[in-house]
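Q: The structure is given below, and queries will be raised subsequently.
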Amino acid sequence: MQIKDKVQFCATCGNVAEAEECRICLDPRRDTALICVVEQSQDVAAIERTREFRGRYHVLGGAINPIGGVGPEDLRIAELLRRLADGSVTEVIIATDPNLEGEATATYLSRLMKDMGVSISRLASGLPVGGDLEYADEVTLGRAFEGRRLVQRASQPS
Ligand SMILES: [Zn+2]
């Protein structure tokens, strides 16, 4: 079995990839000003099925879970901040799972990105609470995307 050796992760977003970068990061038609933050690659697949999102992704590799021993340093958060550093990203949509860990992660990220000049939004409620994003049906997830609420507007440089 060689399958395990063939799994690669995108150097930019952390999604599963067939090359150094994933198909989404390599697609010039995707909006580079928008980043949707998710926990797992499966969430990328779920959101792609809704066709609501034309930006790019950032896969954290999990969620903050103090009981399970997962801290912010275990997730691809530093990589996310690096992507925001050049100012080309204007909105970050946080699409972590609608459960305790997902909420904690979203709150942590919102605080961290507060002064980075990006608008931060969260998916609208309506997703089954306590569930996994990847299991939400397309219509529900699509609506949650469309109705996403702004948590914080980018501070305008004066
Ligand atoms: Zn990628």
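By convention in this document, the chains of the structure tokens carry letters A, B, ... by their order, each chain's residues are numbered from 1, and ligands are numbered from 1 in the order they are shown.
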I need the residues in range 20-129 of chain A that are alpha helix (DSSP H) according to DSSP; give them as JSON, numbers by chain.

A: {"A": [23, 24, 25, 26, 41, 42, 43, 44, 45, 46, 47, 48, 49, 50, 77, 78, 79, 80, 81, 82, 83, 84, 100, 101, 102, 103, 104, 105, 106, 107, 108, 109, 110, 111, 112]}

Q: Return as a list in words the full set of residues in range 6-127 of chain A whose backbone-based DSSP assignment is strand (DSSP E).

A: Gln8, Phe9, Val16, Ala17, Leu34, Ile35, Cys36, Val37, Val38, Arg56, Tyr57, His58, Val59, Glu91, Val92, Ile93, Ile94, Ser119, Ile120, Ser121 and Arg122 of chain A

Q: Please, could you write that set of residues out with N, CA and C atoms as a PDB file, in the first residue's frame?

A:
ATOM      1  N   GLN A   8      -0.454  14.610  -0.087  1.00  0.00           N
ATOM      2  CA  GLN A   8       0.361  15.813   0.091  1.00  0.00           C
ATOM      3  C   GLN A   8      -0.544  16.922   0.579  1.00  0.00           C
ATOM      4  N   PHE A   9       0.055  17.899   1.186  1.00  0.00           N
ATOM      5  CA  PHE A   9      -0.721  19.037   1.649  1.00  0.00           C
ATOM      6  C   PHE A   9      -0.210  20.312   0.993  1.00  0.00           C
ATOM      7  N   VAL A  16      -5.558  19.136   1.078  1.00  0.00           N
ATOM      8  CA  VAL A  16      -4.913  18.039   0.365  1.00  0.00           C
ATOM      9  C   VAL A  16      -4.587  18.500  -1.054  1.00  0.00           C
ATOM     10  N   ALA A  17      -3.453  18.069  -1.555  1.00  0.00           N
ATOM     11  CA  ALA A  17      -2.995  18.580  -2.835  1.00  0.00           C
ATOM     12  C   ALA A  17      -2.338  17.473  -3.640  1.00  0.00           C
ATOM     13  N   LEU A  34     -10.219  36.877  -0.435  1.00  0.00           N
ATOM     14  CA  LEU A  34     -11.077  36.179   0.523  1.00  0.00           C
ATOM     15  C   LEU A  34     -10.440  34.882   0.982  1.00  0.00           C
ATOM     16  N   ILE A  35     -10.400  34.695   2.282  1.00  0.00           N
ATOM     17  CA  ILE A  35      -9.919  33.417   2.807  1.00  0.00           C
ATOM     18  C   ILE A  35     -10.978  32.837   3.730  1.00  0.00           C
ATOM     19  N   CYS A  36     -11.304  31.593   3.515  1.00  0.00           N
ATOM     20  CA  CYS A  36     -12.235  30.889   4.398  1.00  0.00           C
ATOM     21  C   CYS A  36     -11.424  29.907   5.248  1.00  0.00           C
ATOM     22  N   VAL A  37     -11.512  30.100   6.560  1.00  0.00           N
ATOM     23  CA  VAL A  37     -10.745  29.258   7.476  1.00  0.00           C
ATOM     24  C   VAL A  37     -11.589  28.068   7.925  1.00  0.00           C
ATOM     25  N   VAL A  38     -11.076  26.870   7.718  1.00  0.00           N
ATOM     26  CA  VAL A  38     -11.796  25.661   8.125  1.00  0.00           C
ATOM     27  C   VAL A  38     -10.879  24.770   8.955  1.00  0.00           C
ATOM     28  N   ARG A  56     -10.315  31.640  -1.472  1.00  0.00           N
ATOM     29  CA  ARG A  56      -9.421  30.528  -1.165  1.00  0.00           C
ATOM     30  C   ARG A  56      -9.614  30.091   0.284  1.00  0.00           C
ATOM     31  N   TYR A  57      -8.951  29.009   0.647  1.00  0.00           N
ATOM     32  CA  TYR A  57      -9.147  28.428   1.974  1.00  0.00           C
ATOM     33  C   TYR A  57      -7.883  28.477   2.817  1.00  0.00           C
ATOM     34  N   HIS A  58      -8.101  28.235   4.096  1.00  0.00           N
ATOM     35  CA  HIS A  58      -6.972  27.953   4.973  1.00  0.00           C
ATOM     36  C   HIS A  58      -7.391  26.838   5.928  1.00  0.00           C
ATOM     37  N   VAL A  59      -6.687  25.738   5.852  1.00  0.00           N
ATOM     38  CA  VAL A  59      -7.035  24.571   6.664  1.00  0.00           C
ATOM     39  C   VAL A  59      -6.164  24.563   7.925  1.00  0.00           C
ATOM     40  N   GLU A  91     -11.001  39.962   3.511  1.00  0.00           N
ATOM     41  CA  GLU A  91     -11.984  39.337   4.392  1.00  0.00           C
ATOM     42  C   GLU A  91     -11.593  37.911   4.734  1.00  0.00           C
ATOM     43  N   VAL A  92     -11.723  37.594   6.007  1.00  0.00           N
ATOM     44  CA  VAL A  92     -11.504  36.234   6.475  1.00  0.00           C
ATOM     45  C   VAL A  92     -12.831  35.709   7.008  1.00  0.00           C
ATOM     46  N   ILE A  93     -13.281  34.604   6.447  1.00  0.00           N
ATOM     47  CA  ILE A  93     -14.520  33.980   6.908  1.00  0.00           C
ATOM     48  C   ILE A  93     -14.137  32.780   7.753  1.00  0.00           C
ATOM     49  N   ILE A  94     -14.556  32.812   9.006  1.00  0.00           N
ATOM     50  CA  ILE A  94     -14.207  31.709   9.888  1.00  0.00           C
ATOM     51  C   ILE A  94     -15.317  30.669   9.846  1.00  0.00           C
ATOM     52  N   SER A 119     -11.541  42.304   7.385  1.00  0.00           N
ATOM     53  CA  SER A 119     -12.870  42.082   7.944  1.00  0.00           C
ATOM     54  C   SER A 119     -12.966  40.615   8.324  1.00  0.00           C
ATOM     55  N   ILE A 120     -13.647  40.372   9.434  1.00  0.00           N
ATOM     56  CA  ILE A 120     -13.773  38.993   9.894  1.00  0.00           C
ATOM     57  C   ILE A 120     -15.251  38.650   9.944  1.00  0.00           C
ATOM     58  N   SER A 121     -15.631  37.545   9.338  1.00  0.00           N
ATOM     59  CA  SER A 121     -17.029  37.133   9.451  1.00  0.00           C
ATOM     60  C   SER A 121     -17.135  35.680   9.849  1.00  0.00           C
ATOM     61  N   ARG A 122     -18.321  35.348  10.347  1.00  0.00           N
ATOM     62  CA  ARG A 122     -18.613  33.988  10.777  1.00  0.00           C
ATOM     63  C   ARG A 122     -19.805  33.485   9.998  1.00  0.00           C
TER      64      ARG A 122
END

Q: Neighbours of Arg49 in chain A within 10 Å (only C-alpha atoms; same-chain residues fewer than 6 positions away dropped), as a list in words?

A: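 Neighbouring residues, sequence-local ones excluded: Asp43, Asp137, Glu138, Val139, Leu141 and Gly142 of chain A.
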
Q: Return the single residue from A:Ala85, A:Ala104, A:Leu80, A:Ile24 that is closest to Arg54 in chain A, with distances computed using only C-alpha atoms.

A: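 Residue with the minimum atom-to-atom distance to Arg54 in chain A: A:Ile24.
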
Q: Report the closest atom pair, with its distance in Å rounded to one decimal, for each residue of chain A that has an atom no farther than 6 Å from ligand 1; count only C-alpha atoms and all ligand atoms, sort by chain and then rising residue number, and write it as a tab-separated table.

A:
residue	atom	partner	partner_atom_place_in_ligand_line	distance
A:Cys10	CA	ligand 1	1 (Zn)	4.6
A:Thr12	CA	ligand 1	1 (Zn)	5.1
A:Cys13	CA	ligand 1	1 (Zn)	4.1
A:Gly14	CA	ligand 1	1 (Zn)	5.9
A:Asn15	CA	ligand 1	1 (Zn)	5.4
A:Glu21	CA	ligand 1	1 (Zn)	5.1
A:Cys22	CA	ligand 1	1 (Zn)	4.1
A:Ile24	CA	ligand 1	1 (Zn)	5.7
A:Cys25	CA	ligand 1	1 (Zn)	4.3

Q: Could you tell me which of A:Ile77, A:Val7, A:Ala63, A:Ile47 comes closest to Ala144 in chain A if we count only C-alpha atoms?

A: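 The shortest atom-to-atom distance to Ala144 in chain A comes from A:Ile47.
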
Q: I need the residue nearest Leu109 in chain A from this list: A:Thr32, A:Thr140, A:Gln152, A:Ser125. Use only C-alpha atoms for the distance.

A: A:Gln152

Q: Can you tell me how far CA of Glu146 in chain A sits from CA of Thr105 in chain A, in Å to one decimal?

A: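 Separation between CA of Glu146 in chain A and CA of Thr105 in chain A: 21.3 Å.
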
Q: Identify which of the residues A:Ala124, A:Gly147, A:Thr96, A:Leu84 lies closest to Gln42 in chain A, counting only C-alpha atoms when measuring atom-to-atom distances.

A: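 Using only C-alpha atoms, Gln42 in chain A sits closest to A:Thr96.
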
Q: Rounded to one decimal place, report the CA of Glu52 in chain A-CA of Leu127 in chain A distance in Å.

A: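 One can read the CA of Glu52 in chain A to CA of Leu127 in chain A distance as 15.4 Å.
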
Q: Given the choices A:Ala33, A:Ala136, A:Ala95, A:Leu100, which gets closest to Leu123 in chain A if the distance is worked out from only C-alpha atoms?

A: A:Ala95

Q: Kindly indicate which residue among A:Val151, A:Val44, A:Leu60, A:Ile67 lies nearest to Val118 in chain A, using only C-alpha atoms for the distances.

A: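 Between A:Val151, A:Val44, A:Leu60, A:Ile67, the residue approaching Val118 in chain A most closely is A:Val151.
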
Q: Please indicate the distance in Å from CA of Gly131 in chain A to CA of Asp97 in chain A, rounded to one decimal place.

A: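 Here the two named atoms are 6.8 Å from each other.
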